[in-house]
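S.K.: Dropping a structure here in structure tokens format, bear with me for questions.
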Amino acid sequence: MILQLPLPNGDVAVYFRLPATIWADKVQLVGDFNGWSTQATPMRLGEHYWEAKLTLHAGERYCYAYLVDEVDWCTDAPPMERAFGAPSPPVTMLPVDIPQARNRAMAH
């Protein structure tokens with residue numbers, strides 16, 4: 001699940017959340033926003049979620065995936081369609097498939 005909250009300066013606080021029921025020692029958020037680094041953005045385990053918060057520029061588009069215990073790649077379900085007339089989210093987040101995520105991380 002991804003939550004987006006517009007900030008007063010025009011940026012967007014983006015919260016990435018995975019269920020705390022994921023059995024892992026660590027989860028990394030990997031994507032365009034951190035150069036596909038497998039170490040740059042660790043997620044923190046809370047009571048209900050693994051969570052990472054980023055501040056991103058509004059109007060941008062980012063691809064991302066998750067790396068679990070430095071071995072297993074996973075992704076979110078494709079984004080839900082918006083209801084007719086609903087506003088667009090400030091940032092477009094696109095989950096990528098597992099081979100694509102692995103290839104992007106290895107290329108950097």
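How things are named: the first chain in the structure tokens is A, the next is B, and so on; residues count from 1 in each chain; ligands count from 1 in the order shown.
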What's around His48 of chain A at 12 Å? Count only C-alpha atoms, leave out sequence neighbours fewer than 3 positions away in its own chain, and write the answer as a list of chain:residue names.
M.R.: A:Arg17, A:Leu18, A:Pro19, A:Ala20, A:Thr21, A:Ile22, A:Arg44, A:Leu45, A:Glu51
S.K.: For the selection just defined, write its residues with C-alpha atoms to a file, as a CSV table (one decimal), in the first residue's frame.
M.R.:
chain,number,residue,atom,x,y,z
A,17,ARG,CA,3.8,0.0,3.5
A,18,LEU,CA,3.9,-3.8,3.5
A,19,PRO,CA,2.1,-6.0,6.0
A,20,ALA,CA,4.0,-6.7,9.2
A,21,THR,CA,3.1,-10.4,8.7
A,22,ILE,CA,5.9,-10.6,6.0
A,44,ARG,CA,11.2,-0.2,9.4
A,45,LEU,CA,9.1,-2.8,11.0
A,51,GLU,CA,7.3,1.2,6.3
S.K.: Quick check for you: according to DSSP on this backbone, which residues of chain A are classed as strand (DSSP E or B)? Reply as a ChimeraX atom specification.
M.R.: /A:2-6,11-19,27-31,42,44-45,49-57,61-68,72-74,92-95
S.K.: Please report the interatomic distance between atom CA of Trp36 of chain A and atom CA of Ala105 of chain A in Å with one decimal.
M.R.: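 So the answer is 4.8 Å.
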